[in-house]
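File shown here: final-v6.cif, holding mmCIF, C-alpha atoms (C1' of nucleotides).
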data_entry
#
loop_
_atom_site.label_atom_id
_atom_site.label_comp_id
_atom_site.auth_asym_id
_atom_site.auth_seq_id
_atom_site.Cartn_x
_atom_site.Cartn_y
_atom_site.Cartn_z
CA MET A 35 -21.74 34.64 25.05
CA GLN A 36 -23.84 33.20 27.85
CA ASP A 37 -22.32 30.04 29.25
CA ARG A 38 -25.65 28.43 30.03
CA THR A 39 -26.36 25.52 27.72
CA ARG A 40 -29.67 23.78 28.10
CA GLU A 41 -28.97 20.11 27.61
CA LEU A 42 -31.96 19.02 25.60
CA ARG A 43 -32.97 15.44 26.17
CA GLY A 44 -34.66 14.74 22.85
CA SER A 45 -32.11 16.54 20.71
CA ALA A 46 -30.95 13.49 18.78
CA PRO A 47 -32.25 14.62 15.36
CA LEU A 48 -30.72 18.05 15.85
CA LEU A 49 -27.35 16.59 16.77
CA GLU A 50 -27.51 14.25 13.79
CA SER A 51 -28.29 17.11 11.43
CA ALA A 52 -25.38 19.07 12.85
CA LEU A 53 -23.09 16.08 12.55
CA ARG A 54 -24.07 15.53 8.94
CA GLN A 55 -23.43 19.16 8.03
CA PHE A 56 -20.12 19.24 9.87
CA ALA A 57 -19.03 16.03 8.17
CA VAL A 58 -19.89 17.25 4.69
CA VAL A 59 -18.91 20.92 4.59
CA GLY A 60 -16.81 21.20 7.73
CA PHE A 61 -17.35 23.26 10.86
CA GLU A 62 -16.74 26.67 9.30
CA GLY A 63 -18.68 25.82 6.18
CA ALA A 64 -21.74 24.60 8.05
CA SER A 65 -24.29 27.24 9.02
CA LEU A 66 -26.64 27.17 11.99
CA GLN A 67 -29.39 28.20 9.62
CA ARG A 68 -29.00 25.08 7.49
CA ILE A 69 -28.54 22.77 10.47
CA ALA A 70 -31.69 24.14 12.07
CA ALA A 71 -33.71 23.89 8.87
CA ASP A 72 -32.50 20.33 8.35
CA ALA A 73 -33.64 19.43 11.86
CA GLY A 74 -36.96 21.18 11.37
CA LEU A 75 -36.59 24.11 13.74
CA SER A 76 -35.35 27.67 13.82
CA LYS A 77 -31.83 28.95 14.25
CA SER A 78 -32.87 30.63 17.49
CA SER A 79 -34.06 27.33 18.82
CA VAL A 80 -30.72 25.71 18.14
CA LEU A 81 -28.99 28.50 20.03
CA TYR A 82 -31.48 28.05 22.85
CA HIS A 83 -30.36 24.47 23.41
CA PHE A 84 -26.68 25.05 22.73
CA ALA A 85 -25.02 28.26 23.79
CA SER A 86 -22.93 28.56 20.65
CA LYS A 87 -21.96 26.83 17.44
CA GLU A 88 -18.91 25.43 19.19
CA ALA A 89 -21.06 24.01 21.99
CA LEU A 90 -23.13 22.29 19.34
CA LEU A 91 -20.01 20.76 17.82
CA ASP A 92 -18.95 19.62 21.26
CA ALA A 93 -22.28 17.99 21.99
CA ALA A 94 -22.39 16.34 18.58
CA LEU A 95 -18.93 14.78 18.88
CA ARG A 96 -18.99 14.02 22.61
CA PRO A 97 -20.65 10.57 22.44
CA ALA A 98 -18.16 9.35 19.85
CA VAL A 99 -15.21 10.60 21.89
CA GLU A 100 -16.51 9.05 25.10
CA ASP A 101 -17.08 5.74 23.36
CA LEU A 102 -13.58 5.99 21.94
CA ALA A 103 -12.22 6.31 25.46
CA GLY A 104 -14.02 3.08 26.28
CA VAL A 105 -12.58 1.39 23.22
CA VAL A 106 -9.06 2.47 24.15
CA ASP A 107 -9.56 1.16 27.67
CA GLU A 108 -10.70 -2.17 26.29
CA MET A 109 -7.70 -2.31 24.03
CA ALA A 110 -5.41 -1.59 26.98
CA ARG A 111 -6.86 -4.49 28.95
CA ILE A 112 -6.39 -7.16 26.32
CA ALA A 113 -2.85 -5.87 25.75
CA ASP A 114 -0.86 -8.33 23.70
CA ALA A 115 -3.18 -11.28 24.00
CA ALA A 116 -4.65 -13.30 21.17
CA PRO A 117 -8.20 -11.87 20.98
CA ARG A 118 -6.99 -8.97 18.91
CA ARG A 119 -9.28 -9.93 16.09
CA ALA A 120 -12.29 -9.78 18.37
CA PHE A 121 -11.20 -6.33 19.38
CA LEU A 122 -10.91 -5.35 15.73
CA VAL A 123 -14.51 -6.37 15.12
CA ARG A 124 -15.55 -4.31 18.10
CA PHE A 125 -13.54 -1.39 16.78
CA VAL A 126 -15.07 -1.53 13.31
CA ASP A 127 -18.50 -1.60 14.95
CA TYR A 128 -17.51 1.53 16.81
CA LEU A 129 -16.44 3.19 13.57
CA LEU A 130 -19.72 2.31 11.89
CA GLU A 131 -21.82 3.53 14.78
CA HIS A 132 -20.09 6.90 14.90
CA ARG A 133 -19.21 7.21 11.24
CA LEU A 134 -20.21 10.85 10.91
CA ALA A 135 -18.32 11.92 13.99
CA ILE A 136 -15.31 9.93 12.82
CA ALA A 137 -15.47 11.71 9.48
CA VAL A 138 -15.51 15.08 11.21
CA ILE A 139 -12.59 14.20 13.47
CA PHE A 140 -10.41 12.88 10.65
CA ASN A 141 -11.39 14.95 7.64
CA HIS A 142 -11.68 18.26 9.43
CA GLY A 143 -9.52 17.69 12.48
CA GLN A 144 -6.80 20.04 11.34
CA ALA A 145 -9.20 22.98 11.08
CA LEU A 146 -10.67 22.16 14.48
CA ALA A 147 -7.45 21.85 16.45
CA GLY A 148 -7.84 23.77 19.67
CA HIS A 149 -11.43 22.77 20.29
CA ALA A 150 -11.58 20.68 23.43
CA VAL A 151 -13.39 17.67 21.96
CA ILE A 152 -11.09 17.43 19.00
CA ASP A 153 -7.97 17.66 21.12
CA GLU A 154 -9.31 14.94 23.36
CA ALA A 155 -10.13 12.73 20.40
CA ASP A 156 -6.65 13.31 18.99
CA ARG A 157 -5.10 12.32 22.28
CA LEU A 158 -7.14 9.12 22.42
CA VAL A 159 -6.23 8.15 18.87
CA ARG A 160 -2.56 8.74 19.63
CA ASP A 161 -2.96 6.57 22.71
CA LEU A 162 -4.41 3.82 20.61
CA ALA A 163 -1.63 4.10 18.05
CA ASP A 164 1.05 4.02 20.72
CA ARG A 165 -0.46 0.95 22.28
CA LEU A 166 -0.53 -0.82 18.94
CA ALA A 167 3.03 0.17 18.13
CA PRO A 168 5.06 0.08 21.34
CA GLY A 169 8.81 0.42 21.50
CA GLN A 170 11.10 2.77 19.67
CA GLY A 171 10.86 1.17 16.23
CA GLY A 172 7.16 1.90 16.08
CA GLU A 173 7.14 4.89 13.76
CA ARG A 174 6.43 2.71 10.78
CA GLU A 175 3.71 0.98 12.78
CA VAL A 176 2.14 4.31 13.66
CA LEU A 177 2.15 5.26 10.00
CA ARG A 178 0.54 1.96 9.08
CA PHE A 179 -2.06 2.41 11.79
CA GLY A 180 -2.75 5.98 10.70
CA VAL A 181 -3.22 4.99 7.08
CA ALA A 182 -5.54 2.15 8.01
CA LEU A 183 -7.63 4.17 10.44
CA ALA A 184 -7.92 7.31 8.32
CA GLY A 185 -8.58 5.23 5.25
CA ALA A 186 -11.34 3.38 7.05
CA ALA A 187 -12.78 6.68 8.28
CA PHE A 188 -12.89 7.90 4.70
CA MET A 189 -14.48 4.79 3.26
CA LEU A 190 -17.15 4.89 5.97
CA VAL A 191 -18.70 7.90 4.28
CA ALA A 192 -17.29 7.52 0.76
CA ALA A 193 -18.00 3.88 0.01
CA ASP A 194 -21.28 4.79 -1.61
CA ARG A 195 -19.64 7.44 -3.77
CA TRP A 196 -17.30 4.88 -5.32
CA ALA A 197 -19.43 1.81 -5.51
CA PRO A 198 -21.86 1.39 -8.40
CA ALA A 199 -24.63 0.69 -5.88
CA HIS A 200 -25.27 1.40 -2.22
CA VAL A 201 -23.02 -0.66 0.03
CA PRO A 202 -24.96 -2.21 2.92
CA ASP A 203 -23.48 -1.74 6.36
CA ASP A 204 -22.96 -5.45 6.87
CA GLU A 205 -20.90 -5.72 3.74
CA LEU A 206 -18.87 -2.66 4.65
CA ARG A 207 -18.28 -4.02 8.13
CA ALA A 208 -17.08 -7.38 6.86
CA GLY A 209 -14.84 -5.71 4.31
CA LEU A 210 -13.30 -3.33 6.81
CA VAL A 211 -12.65 -6.11 9.33
CA ASP A 212 -10.84 -8.07 6.64
CA VAL A 213 -8.87 -5.17 5.22
CA LEU A 214 -7.95 -3.62 8.55
CA GLY A 215 -7.11 -7.03 9.95
CA GLU A 216 -4.74 -7.65 7.13
CA PHE A 217 -3.31 -4.23 7.72
CA VAL A 218 -2.77 -3.91 11.43
CA LEU A 219 -2.67 -7.55 12.53
CA GLY A 220 -0.41 -8.72 9.74
CA PRO A 221 -1.21 -11.12 6.92
CA ALA A 222 -0.58 -14.10 9.19
CA ALA A 223 -3.74 -13.30 11.12
CA GLN A 224 -5.98 -13.88 8.12
CA PRO A 225 -9.10 -15.93 8.79
CA ALA A 226 -9.75 -19.23 7.11
CA MET B 209 -20.63 36.40 -13.00
CA GLN B 210 -18.36 37.37 -15.87
CA ASP B 211 -16.78 34.34 -17.49
CA ARG B 212 -13.52 36.03 -18.30
CA THR B 213 -10.71 34.66 -16.16
CA ARG B 214 -7.30 36.22 -16.59
CA GLU B 215 -4.82 33.38 -16.36
CA LEU B 216 -2.08 34.93 -14.32
CA ARG B 217 1.34 33.54 -15.02
CA GLY B 218 3.03 34.24 -11.71
CA SER B 219 0.10 33.25 -9.54
CA ALA B 220 1.82 30.33 -7.83
CA PRO B 221 1.84 31.85 -4.32
CA LEU B 222 -1.80 32.81 -4.65
CA LEU B 223 -2.80 29.32 -5.75
CA GLU B 224 -0.80 27.82 -2.94
CA SER B 225 -2.46 30.05 -0.37
CA ALA B 226 -5.84 29.10 -1.76
CA LEU B 227 -4.94 25.42 -1.70
CA ARG B 228 -3.78 25.61 1.88
CA GLN B 229 -6.97 27.32 3.00
CA PHE B 230 -9.18 24.90 1.08
CA ALA B 231 -7.31 21.94 2.54
CA VAL B 232 -7.61 23.16 6.12
CA VAL B 233 -11.09 24.67 6.43
CA GLY B 234 -12.71 23.42 3.23
CA PHE B 235 -14.08 25.31 0.27
CA GLU B 236 -17.06 26.86 2.03
CA GLY B 237 -15.09 27.64 5.14
CA ALA B 238 -12.28 29.39 3.30
CA SER B 239 -12.78 33.08 2.57
CA LEU B 240 -11.35 35.06 -0.32
CA GLN B 241 -10.36 37.68 2.21
CA ARG B 242 -8.09 35.31 4.10
CA ILE B 243 -6.69 33.71 0.95
CA ALA B 244 -5.86 37.14 -0.47
CA ALA B 245 -4.28 38.36 2.75
CA ASP B 246 -2.23 35.17 3.02
CA ALA B 247 -0.93 35.72 -0.51
CA GLY B 248 -0.22 39.39 0.17
CA LEU B 249 -2.83 41.05 -2.02
CA SER B 250 -6.39 42.29 -1.90
CA LYS B 251 -9.58 40.34 -2.31
CA SER B 252 -10.37 42.37 -5.43
CA SER B 253 -7.10 41.35 -6.94
CA VAL B 254 -7.88 37.70 -6.48
CA LEU B 255 -11.18 38.19 -8.26
CA TYR B 256 -9.37 40.01 -11.02
CA HIS B 257 -7.27 36.95 -11.82
CA PHE B 258 -10.01 34.40 -11.20
CA ALA B 259 -13.57 35.19 -12.11
CA SER B 260 -15.02 33.59 -9.00
CA LYS B 261 -14.19 31.55 -5.94
CA GLU B 262 -15.07 28.41 -7.85
CA ALA B 263 -12.70 29.36 -10.68
CA LEU B 264 -9.98 29.74 -8.07
CA LEU B 265 -10.69 26.26 -6.75
CA ASP B 266 -10.58 24.93 -10.27
CA ALA B 267 -7.24 26.56 -11.02
CA ALA B 268 -5.78 25.41 -7.72
CA LEU B 269 -6.74 21.76 -8.23
CA ARG B 270 -6.23 21.57 -12.00
CA PRO B 271 -2.50 20.70 -11.99
CA ALA B 272 -3.00 17.84 -9.56
CA VAL B 273 -5.88 16.43 -11.60
CA GLU B 274 -3.98 16.68 -14.85
CA ASP B 275 -0.98 14.96 -13.31
CA LEU B 276 -3.30 12.30 -11.99
CA ALA B 277 -4.53 11.65 -15.50
CA GLY B 278 -0.90 11.10 -16.50
CA VAL B 279 -0.39 8.73 -13.60
CA VAL B 280 -3.45 6.71 -14.55
CA ASP B 281 -2.22 6.50 -18.13
CA GLU B 282 1.14 5.26 -16.93
CA MET B 283 -0.57 2.69 -14.77
CA ALA B 284 -2.64 1.51 -17.73
CA ARG B 285 0.48 0.96 -19.83
CA ILE B 286 2.35 -1.21 -17.35
CA ALA B 287 -0.86 -3.19 -16.82
CA ASP B 288 -0.10 -6.45 -15.07
CA ALA B 289 3.66 -6.42 -15.50
CA ALA B 290 6.22 -6.73 -12.75
CA PRO B 291 7.33 -3.11 -12.32
CA ARG B 292 4.40 -2.35 -10.11
CA ARG B 293 6.64 -1.32 -7.28
CA ALA B 294 8.35 1.27 -9.46
CA PHE B 295 4.94 2.63 -10.29
CA LEU B 296 4.10 2.77 -6.61
CA VAL B 297 7.16 4.91 -5.94
CA ARG B 298 6.11 7.21 -8.74
CA PHE B 299 2.60 7.36 -7.32
CA VAL B 300 3.77 8.24 -3.82
CA ASP B 301 5.90 10.99 -5.34
CA TYR B 302 2.79 12.28 -7.04
CA LEU B 303 0.93 12.26 -3.73
CA LEU B 304 3.70 14.17 -2.01
CA GLU B 305 3.96 16.76 -4.75
CA HIS B 306 0.25 17.51 -4.72
CA ARG B 307 -0.42 16.76 -1.08
CA LEU B 308 -2.63 19.80 -0.47
CA ALA B 309 -4.75 19.18 -3.54
CA ILE B 310 -5.04 15.52 -2.58
CA ALA B 311 -6.22 16.54 0.87
CA VAL B 312 -8.88 18.78 -0.66
CA ILE B 313 -10.09 16.10 -3.04
CA PHE B 314 -10.33 13.40 -0.38
CA ASN B 315 -11.25 15.27 2.78
CA HIS B 316 -13.70 17.68 1.19
CA GLY B 317 -14.69 15.80 -1.94
CA GLN B 318 -18.18 15.07 -0.75
CA ALA B 319 -18.96 18.74 -0.21
CA LEU B 320 -17.51 19.61 -3.62
CA ALA B 321 -19.34 17.03 -5.68
CA GLY B 322 -20.70 18.72 -8.77
CA HIS B 323 -17.69 20.95 -9.34
CA ALA B 324 -16.07 19.96 -12.60
CA VAL B 325 -12.55 19.41 -11.26
CA ILE B 326 -13.72 17.27 -8.40
CA ASP B 327 -15.90 15.12 -10.59
CA GLU B 328 -13.00 14.61 -12.96
CA ALA B 329 -10.68 13.70 -10.12
CA ASP B 330 -13.26 11.25 -8.78
CA ARG B 331 -13.56 9.63 -12.16
CA LEU B 332 -9.78 9.25 -12.44
CA VAL B 333 -9.49 7.71 -8.99
CA ARG B 334 -12.24 5.26 -9.83
CA ASP B 335 -10.41 4.41 -13.03
CA LEU B 336 -7.29 3.71 -11.04
CA ALA B 337 -9.15 1.55 -8.56
CA ASP B 338 -10.84 -0.44 -11.32
CA ARG B 339 -7.54 -1.05 -13.03
CA LEU B 340 -6.01 -2.30 -9.80
CA ALA B 341 -8.96 -4.53 -9.04
CA PRO B 342 -10.28 -5.98 -12.28
CA GLY B 343 -12.86 -8.71 -12.53
CA GLN B 344 -16.09 -9.19 -10.65
CA GLY B 345 -14.57 -10.17 -7.32
CA GLY B 346 -12.84 -6.83 -7.03
CA GLU B 347 -15.11 -5.13 -4.52
CA ARG B 348 -12.84 -6.11 -1.69
CA GLU B 349 -9.86 -4.91 -3.71
CA VAL B 350 -11.52 -1.57 -4.31
CA LEU B 351 -12.16 -1.23 -0.60
CA ARG B 352 -8.54 -2.06 0.16
CA PHE B 353 -7.37 0.43 -2.43
CA GLY B 354 -9.71 3.13 -1.12
CA VAL B 355 -8.53 2.64 2.45
CA ALA B 356 -4.88 2.73 1.41
CA LEU B 357 -5.23 5.79 -0.81
CA ALA B 358 -7.43 7.84 1.50
CA GLY B 359 -5.29 6.85 4.46
CA ALA B 360 -2.19 7.98 2.62
CA ALA B 361 -3.91 11.23 1.65
CA PHE B 362 -4.67 11.84 5.30
CA MET B 363 -1.20 11.05 6.58
CA LEU B 364 0.29 13.38 3.98
CA VAL B 365 -1.05 16.34 5.89
CA ALA B 366 -1.51 14.79 9.34
CA ALA B 367 1.79 13.03 9.86
CA ASP B 368 3.18 16.06 11.65
CA ARG B 369 0.17 16.27 13.92
CA TRP B 370 0.75 12.77 15.25
CA ALA B 371 4.46 12.51 15.31
CA PRO B 372 6.39 13.98 18.26
CA ALA B 373 8.60 15.85 15.79
CA HIS B 374 8.34 17.03 12.21
CA VAL B 375 8.47 14.14 9.76
CA PRO B 376 10.79 14.89 6.84
CA ASP B 377 9.39 14.25 3.38
CA ASP B 378 11.95 11.57 2.61
CA GLU B 379 10.98 9.60 5.65
CA LEU B 380 7.30 9.97 4.87
CA ARG B 381 7.88 8.87 1.30
CA ALA B 382 9.79 5.77 2.32
CA GLY B 383 7.18 4.89 4.90
CA LEU B 384 4.29 5.31 2.51
CA VAL B 385 5.97 3.25 -0.20
CA ASP B 386 6.47 0.46 2.31
CA VAL B 387 3.03 0.60 3.85
CA LEU B 388 1.14 1.05 0.60
CA GLY B 389 3.24 -1.60 -1.06
CA GLU B 390 2.39 -4.05 1.65
CA PHE B 391 -1.22 -3.06 1.25
CA VAL B 392 -1.94 -3.01 -2.45
CA LEU B 393 0.81 -5.27 -3.79
CA GLY B 394 0.43 -7.92 -1.16
CA PRO B 395 2.90 -8.97 1.53
CA ALA B 396 4.77 -11.13 -0.95
CA ALA B 397 6.07 -8.05 -2.70
CA GLN B 398 7.98 -6.85 0.35
CA PRO B 399 11.52 -5.65 -0.35
CA ALA B 400 14.57 -7.24 1.24
"C1'" DC C 115 4.47 62.76 -25.01
"C1'" DA C 116 -0.07 60.38 -25.87
"C1'" DG C 117 -2.49 56.26 -25.65
"C1'" DC C 118 -3.51 51.81 -24.21
"C1'" DG C 119 -3.48 47.52 -21.70
"C1'" DT C 120 -2.29 45.28 -17.42
"C1'" DA C 121 -2.21 44.63 -12.55
"C1'" DC C 122 -4.31 46.03 -8.82
"C1'" DT C 123 -7.24 48.56 -5.38
"C1'" DG C 124 -11.22 50.73 -2.49
"C1'" DC C 125 -15.84 51.00 -2.14
"C1'" DA C 126 -20.46 49.52 -2.28
"C1'" DC C 127 -24.07 45.93 -2.79
"C1'" DG C 128 -27.18 42.33 -1.07
"C1'" DA C 129 -26.95 38.11 1.29
"C1'" DT C 130 -25.73 35.44 5.06
"C1'" DC C 131 -22.99 34.65 9.09
"C1'" DG C 132 -23.09 33.72 14.57
"C1'" DG C 133 -25.37 35.57 18.33
"C1'" DT C 134 -28.81 38.52 21.50
"C1'" DC C 135 -33.21 39.56 23.10
"C1'" DA C 136 -37.98 40.31 23.89
"C1'" DG C 137 -41.58 38.11 23.40
"C1'" DT C 138 -45.39 33.85 22.81
"C1'" DG C 139 -47.82 29.68 23.55
"C1'" DC C 140 -48.17 25.70 26.41
"C1'" DC C 141 -48.00 22.51 30.14
"C1'" DC C 142 -47.89 21.62 35.07
"C1'" DG C 143 -48.12 22.24 40.07
"C1'" DC C 144 -50.59 24.92 43.25
"C1'" DG D 30 -57.85 29.36 37.52
"C1'" DC D 31 -53.41 31.03 37.63
"C1'" DG D 32 -48.47 31.78 38.01
"C1'" DG D 33 -44.08 30.16 36.38
"C1'" DG D 34 -40.90 27.87 33.81
"C1'" DC D 35 -39.89 25.53 29.44
"C1'" DA D 36 -39.52 25.17 24.35
"C1'" DC D 37 -39.46 27.92 20.76
"C1'" DT D 38 -39.74 31.94 17.59
"C1'" DG D 39 -39.02 36.48 14.71
"C1'" DA D 40 -36.74 40.63 14.63
"C1'" DC D 41 -32.61 42.58 14.91
"C1'" DC D 42 -27.38 43.47 15.45
"C1'" DG D 43 -22.63 44.05 13.65
"C1'" DA D 44 -19.51 41.51 10.97
"C1'" DT D 45 -18.23 39.06 7.03
"C1'" DC D 46 -19.37 36.65 2.91
"C1'" DG D 47 -18.80 36.62 -2.62
"C1'" DT D 48 -19.12 39.74 -6.24
"C1'" DG D 49 -19.47 44.08 -9.33
"C1'" DC D 50 -17.58 48.40 -10.61
"C1'" DA D 51 -15.06 52.63 -11.12
"C1'" DG D 52 -10.75 54.27 -10.64
"C1'" DT D 53 -5.48 54.40 -10.40
"C1'" DA D 54 -0.53 53.52 -11.00
"C1'" DC D 55 2.65 51.72 -14.17
"C1'" DG D 56 5.02 50.11 -18.34
"C1'" DC D 57 5.12 49.50 -23.15
"C1'" DT D 58 4.35 51.03 -27.99
"C1'" DG D 59 3.43 54.43 -31.28
#

What's the structure tokens form of this structure?
Amino acid sequence: MQDRTRELRGSAPLLESALRQFAVVGFEGASLQRIAADAGLSKSSVLYHFASKEALLDAALRPAVEDLAGVVDEMARIADAAPRRAFLVRFVDYLLEHRLAIAVIFNHGQALAGHAVIDEADRLVRDLADRLAPGQGGEREVLRFGVALAGAAFMLVAADRWAPAHVPDDELRAGLVDVLGEFVLGPAAQPA
Amino acid sequence: MQDRTRELRGSAPLLESALRQFAVVGFEGASLQRIAADAGLSKSSVLYHFASKEALLDAALRPAVEDLAGVVDEMARIADAAPRRAFLVRFVDYLLEHRLAIAVIFNHGQALAGHAVIDEADRLVRDLADRLAPGQGGEREVLRFGVALAGAAFMLVAADRWAPAHVPDDELRAGLVDVLGEFVLGPAAQPA
DNA sequence: CAGCGTACTGCACGATCGGTCAGTGCCCGC
DNA sequence: GCGGGCACTGACCGATCGTGCAGTACGCTG
């Protein structure tokens, strides 16, 4: 395997096709052939821009992981202050923006353990959980946080499958802010 | 494809191997070769007992789906009565017993849409959600239920990945009953 | 012992997998 | 105009995919 990966500037549609395939059928189930066809080019062309299938996965997930690092930083700065709800809105926005990547990381994370991006994402999520549930009695808090986050990750891509009609993003965002707020901030933090 | 499937009586280890592979790498990512090797027999032998890869998926998920139908029935009978918490305990037990199948249905459901078992499982889950959130204002309730259920499904197989040490089933069960109870029964239903 | 069904296997098949490589057309600086 | 790099492609490779098929070892029944 050559280690030279040509970082294509205008590769957004290709990365989105890859992300969609990875999210739906998983990394092993997705084929370069299908990803390439979906993006409108040949398999060879995909492997011209990205040295391997794994490099493609890395490039597809990288933006979400880097943004997650920013989110965790932000969370660390506000610490235990009041504007937790504002942070929650910001976090739900992050989830919506990177919904496909989030689906890959959560739904297929176990199969992808060992890949650098996934391990980094896992570490960041654990960081976030630890920060939300400090102290030694936090195991229950971590469980609550895990359920809320993974559940949100699922609904991001499954909401349409359950709802009778397409759920607009705005509605989904409002719902997730409410539900997650109730879940991780406690019922006392409910809005008016 | 021949439609004759020999229903093997002592095929439990084979079905469990299949389930584990499907849960980790998804249906398309899992290979009959690896499933067979994991169960200690040849690929041909697997295809002797199950007419195709899809038939194997069906057989592996069938028990969980049938049990789910029972759970939904039970839920329908207790309706709006008080013993909801008892039902929740029963439900978490169900999740723990079929944790691999649950992981397949939730994490890879989108890729498996169209397969009979998956569609049936989807229908049952929707039934359950509708029963928990009746009326026209229930969209938010459905979202809450989806987040809680999918989150629980995730933690069933991911708890060990996040925790510093292995999480015993008893602990996981207790935690899920608490967290899900708080989530779908409302904070008022908290135990002493 | 003969005969049959059951559990299981090795082998072969066409298709598809990820990946390599030798081109090919095109734009851009000289 | 022309040389060189850039984006892209088809042909090809060995491996593996799901599946079909013929054959084999074994245990039961007659």

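Between CA of Asp377 in chain B and CA of Gly389 in chain B the interatomic distance comes to 17.6 Å.
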
Would you tabulate, counting all atoms listed in the file, all residues of chain A that have an atom at most 8 Å from an atom of chain D, showing the closest pair of atoms and their distance in Å to one decimal, sorted by chain then ascending number, as JSON lines?
{"residue": "A:Ser76", "atom": "CA", "partner": "D:DT38", "partner_atom": "C1'", "distance": 7.2}
{"residue": "A:Ser78", "atom": "CA", "partner": "D:DT38", "partner_atom": "C1'", "distance": 7.0}
{"residue": "A:Ser79", "atom": "CA", "partner": "D:DC37", "partner_atom": "C1'", "distance": 5.8}

(Q) If the cut-off is 6 Å, can you tell me the residues of chain A near chain B, counting only C-alpha atoms? I'd like them as a PyMOL selection string. (A) chain A and resi 58-59+62-63+141+145+178+181-182+184-186+213

Q: Name the residues captured by the PyMOL selection byres ((chain C) within 10 of (chain B)) when it is applied to the shown file; answer as a PyMOL selection string.
A: chain C and resi 121-124

Q. So which residues get picked by the PyMOL selection byres ((chain B and resi 325) around 10) here, written as a list of chain:residue names?
A.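 Applied to this file, the PyMOL selection byres ((chain B and resi 325) around 10) selects B:Glu262, B:Ala263, B:Leu265, B:Asp266, B:Ala267, B:Ala268, B:Leu269, B:Arg270, B:Ala272, B:Val273, B:Glu274, B:Ile313, B:Leu320, B:Ala321, B:Gly322, B:His323, B:Ala324, B:Ile326, B:Asp327, B:Glu328, B:Ala329, B:Asp330, B:Arg331.
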
If you keep C-alpha atoms, can you produce a file of those selected residues as a PDB file, in the frame of the given file?
ATOM      1  CA  GLU B 262     -15.070  28.410  -7.850  1.00  0.00           C
ATOM      2  CA  ALA B 263     -12.700  29.360 -10.680  1.00  0.00           C
ATOM      3  CA  LEU B 265     -10.690  26.260  -6.750  1.00  0.00           C
ATOM      4  CA  ASP B 266     -10.580  24.930 -10.270  1.00  0.00           C
ATOM      5  CA  ALA B 267      -7.240  26.560 -11.020  1.00  0.00           C
ATOM      6  CA  ALA B 268      -5.780  25.410  -7.720  1.00  0.00           C
ATOM      7  CA  LEU B 269      -6.740  21.760  -8.230  1.00  0.00           C
ATOM      8  CA  ARG B 270      -6.230  21.570 -12.000  1.00  0.00           C
ATOM      9  CA  ALA B 272      -3.000  17.840  -9.560  1.00  0.00           C
ATOM     10  CA  VAL B 273      -5.880  16.430 -11.600  1.00  0.00           C
ATOM     11  CA  GLU B 274      -3.980  16.680 -14.850  1.00  0.00           C
ATOM     12  CA  ILE B 313     -10.090  16.100  -3.040  1.00  0.00           C
ATOM     13  CA  LEU B 320     -17.510  19.610  -3.620  1.00  0.00           C
ATOM     14  CA  ALA B 321     -19.340  17.030  -5.680  1.00  0.00           C
ATOM     15  CA  GLY B 322     -20.700  18.720  -8.770  1.00  0.00           C
ATOM     16  CA  HIS B 323     -17.690  20.950  -9.340  1.00  0.00           C
ATOM     17  CA  ALA B 324     -16.070  19.960 -12.600  1.00  0.00           C
ATOM     18  CA  ILE B 326     -13.720  17.270  -8.400  1.00  0.00           C
ATOM     19  CA  ASP B 327     -15.900  15.120 -10.590  1.00  0.00           C
ATOM     20  CA  GLU B 328     -13.000  14.610 -12.960  1.00  0.00           C
ATOM     21  CA  ALA B 329     -10.680  13.700 -10.120  1.00  0.00           C
ATOM     22  CA  ASP B 330     -13.260  11.250  -8.780  1.00  0.00           C
ATOM     23  CA  ARG B 331     -13.560   9.630 -12.160  1.00  0.00           C
TER      24      ARG B 331
END

Q. Hey, what's within 12 Å of Val105 in chain A if we count all atoms listed in the file and toss same-chain stuff fewer than 2 positions away? As a list of chain:residue names, please?
A.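 What passes the distance filter is A:Ala98, A:Val99, A:Glu100, A:Asp101, A:Leu102, A:Ala103, A:Asp107, A:Glu108, A:Met109, A:Ala110, A:Arg111, A:Ile112, A:Phe121, A:Leu122, A:Val123, A:Arg124, A:Phe125, A:Val126, A:Asp127, A:Tyr128, A:Leu129, A:Ala155, A:Leu158, A:Val159, A:Asp161, A:Leu162.
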
Q) Mind pulling up the distance from CA of Ala309 in chain B to CA of Gln241 in chain B? A)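 So the answer is 20.2 Å.
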
**Q.** One-decimal distance in Å that lies between CA of Leu340 in chain B and CA of Val218 in chain A
**A.**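 Distance reported for this atom pair: 21.5 Å.
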